[in-house]
Amino acid sequence: MHLVRDVLDKKLMDREDCPMGRVGGLVMHVGESGPPRVTHILVGGPTLWMRIHPALGRLSSALGQMWGPRRKEPAKIPWSRVETVGREVKLDVEGKDTGALDWEIWVARHIIEHIPGGGSEEEE
Amino acid sequence: MKKILQLSLGIITSVGGFLEIGSVTTAAQAGAQFGYKLLWAILLGTLCLIFLIEMSGRLAAVSKHTIVDAIRERFGFPFFFFVLLGTVLVAFMVLVAELGGIGFALQILTGIRFPWWALPVSFVVWLLMWKGTFSLIENGASLLGLVTVSFVVAALRLNPDWTSAASGLLPTLPDDDKSKYWFLAVSILGASISPYLTFFYSSGAIEDKWDRTYLPINRVIAAFGMTFGGLLSMAVLIVAALALRPKGIQVETFQQAALMMTTALPKWGFYLFALSMLFACFGAALEISLAISYFFSQGFGWNWSEDVEPSSDARFAFVYTLIIGFAAVPLMFGVDPIKITMMSMALTSATLPLAIVPFLFLMNDPIYLGKHRNGWISNTVVGVVILISFVLAVVSIPLEIMGG
């Protein structure tokens with residue numbers, strides 16, 4: 001498997017087949033002995049913007065703490081939860097519990113549900 | 001039987017959804033000022049669009065990826081971000097132009113000036129997105145758009161000289177006003193090869209769950225739908241050439257454009273033009289709003305579908321709510337939609353390589369398409385037309401801005 005070609009930027013699906021964003025970054029552990037190994041998948045704004053420029057990453061992280069779901073850390077999903085890597089990266093997790101859907105839920109609850117006919121995110 | 005129905009519907013929607021403010025304004029200006037001389041630009045643009053639409057359907061059917069999905073995955077986020085920035089900015093300008101077109105059509109029908117229509121029109125477009133389903137938007141708007149076939153009726157009633165019209169299919173240099181001629185050529189190419197159409201089409205193929213068995217249908221829809229659509233654009237140009245040019249009317253305002261149908265259809269022409277623009281721009285506004293939301297949602301991996309409740313794909317719904325709202329603002333302040341149209345069509349040409357070149361790479365990638373990848377004909381046609389549009393745009397946009 002090529003990490004950049006086959007994993008990075010691929011769509012993430014939770015165990016209910018609900019899309020939960022794309023692979024924004026990968027965390028690797030390089031130990032004293034043994035080969036480096038991937039430990040986590042990162043999802044969310046700061047990781048993405050960091051890939052364009054570190055300053056944009058810091059800005060995104062600062063803005064993220066003033067607005068919206070105010071998450072301090074980027075959503076991190078342990079690599080051990082990866083079930084398959086193919087057209088999508090399928091995970092054995094509940095999307096909502098990982099933090100990857102914080103913005104989706106925040107926009108639904110704070111904006112969309114207040115507009116008539118928007119429905120309710122809770123009904124999902 | 002189901003596929004034959006889909007095939008016919010696909011062709012009808014392509015025809016009904018083909019004309020919009022960009023194609024009508026550029027073709028009308030070209031006909032009014034240069035007669036048949038710029039018909040070649042419509043031919044070239046339509047030819048390129050046929051290939052692009054076929055390619056975007058094929059990518060979706062074979063790889064189950066929309067174009068945006070594949071660009072993000074294959075080229076990574078930083079590159080994707082610049083494609084997003086350029087494409088969405090231009091598509092947003094086109095959305096402003098389409099909403100303006102609806103406003104203008106209503107101004108012709110009611111006498112109330114278009115800035116007053118900006119808010120109600122945007123609200124109705126948004127409401128349809130909020131409550132409607134994909135097939136309602138695609139099929140409903142395009143069926144209403146079939147009223148644009150009246151341009152063909154008008155063209156036939158004016159008895160054009162077909163030999164001289166056919167000679168316009170080969171590029172020739174104009175005697176005067178060369179910079180305007182090339183700017184119009186670029187705008188026509190931009191109006192024909194709208195990248196948002198390909199995003200919309202590939203997303204539709206995914207929403208309709210296409211697989212490889214749809215490849216023949218895809219080819220027929222692309223070829224026939226876009227050819228008939230291109231013929232509509234040519235009809236607009238021919239009508240303008242025969243009705244406006246002899247009277248020396250140039251299409252600087254919408255009211256001038258509306259006169260083009262009155263020679264062929266004195267009683268109904270004015271209203272048919274207004275209704276054609278109303279429905280055509282309405283359909284296009286819906287398609288562009290959807291295409292922009294698809295672009296964000298697919299690029300960032302959000303949940304997206306026009307067929308679920310807004311709270312189930314909150315960020316998708318939020319994007320179109322925001323952009324439709326923003327698009328109303330310049331119109332409320334009376335910004336001229338014709339000027340925005342011409343500039344956004346030319347800018348579309350200038351930014352074509354941004355979205356289409358990576359798309360061409362994808363279409364040649366065995367990982368995505370296996371044995372269904374592009375042959376040399378598709379690569380050459382699309383590559384050459386995109387290059388021509390880009391070079392013409394880079395040369396003629398500064399000339400047009402300096403000249404007027």
# chains A, B, ... in the order shown; residues from 1 in each chain; ligands from 1
>>> residues_around(residues="His2 in chain A", least_positions_apart="5", cutoff="12 Å", atoms="only C-alpha atoms", output="MDAnalysis selection string")
chainID A and resid 7:8 85:86
>>> interface_residues(of="chain A", to="chain B", cutoff="10 Å", atoms="only C-alpha atoms", output="JSON, numbers by chain")
{"A": [4, 5, 6, 7, 8, 9, 10, 11, 12, 13, 18, 19, 20, 21, 22, 23, 24, 44, 45, 48, 49, 50, 51, 52, 53, 87, 101, 103, 104, 105, 106, 107, 108, 109, 111, 112, 113, 114, 115, 116, 117, 118, 119, 120, 121, 122, 123, 124]}
>>> closest_residue(among="B:Leu9, B:Pro216, B:Ile338, B:Leu156", to="Ala257 in chain B", atoms="only C-alpha atoms")
B:Ile338
>>> select_by_dssp(residues="chain A", states="helix (DSSP H, G or I)", output="MDAnalysis selection string")
chainID A and resid 3:7 45:52 54:66 79:81 95:98 102:110 112:114 121:123
>>> closest_residue(among="A:Val43, A:Ala62, A:Val27, A:Val38", to="Pro74 in chain A", atoms="only C-alpha atoms")
A:Val43
>>> residues_around(residues="Leu89 in chain B", least_positions_apart="5", cutoff="12 Å", atoms="only C-alpha atoms", output="VMD selection string")
chain B and resid 82 to 84 94 to 96 196 288 292 295 323 327 344 347 to 348 351
>>> write_last_selection(atoms="C-alpha atoms", output="compact mmCIF listing (two decimals), in the first residue's frame")
# COMPACT_ATOMS: atom_id res chain seq x y z
CA PHE B 82 -6.45 26.11 -5.80
CA VAL B 83 -8.77 24.37 -8.25
CA LEU B 84 -11.61 24.98 -5.79
CA VAL B 94 -21.91 33.02 -13.28
CA LEU B 95 -24.53 32.46 -10.55
CA VAL B 96 -24.84 36.23 -10.06
CA TYR B 196 -19.80 23.44 -13.66
CA ILE B 288 -24.70 26.16 -10.50
CA ILE B 292 -20.78 24.70 -6.05
CA PHE B 295 -17.67 20.89 -5.14
CA ILE B 323 -23.74 31.45 -1.79
CA ALA B 327 -25.11 36.24 -5.01
CA SER B 344 -17.48 35.67 -16.18
CA LEU B 347 -12.84 34.26 -17.10
CA THR B 348 -14.32 30.77 -17.44
CA THR B 351 -9.54 29.30 -15.85
>>> select_by_dssp(residues="chain A", states="strand (DSSP E)", output="PyMOL selection string")
chain A and resi 11-13+19-22+25-29+37-43+75-78+82-85+89-91
>>> atom_distance(atom1="CA of Pro35 in chain A", atom2="CA of Arg81 in chain A")
20.2 Å
>>> residues_around(residues="Glu400 in chain B", least_positions_apart="6", cutoff="7 Å", atoms="only C-alpha atoms", output="PDB file with C-alpha atoms, in the first residue's frame")
ATOM      1  CA  SER B 179     -10.281  42.839 -30.142  1.00  0.00           C
ATOM      2  CA  LYS B 180     -14.073  42.666 -29.638  1.00  0.00           C
ATOM      3  CA  PHE B 183     -13.165  38.637 -26.802  1.00  0.00           C
TER       4      PHE B 183
END
>>> residues_around(residues="Ile397 in chain B", least_positions_apart="3", cutoff="12 Å", atoms="only C-alpha atoms", output="ChimeraX atom specification")
/B:179-187,342-350,389-394,400-404
>>> closest_residue(among="B:Val382, B:Ala141, B:Asp176, B:Val395", to="Val125 in chain B", atoms="only C-alpha atoms")
B:Ala141
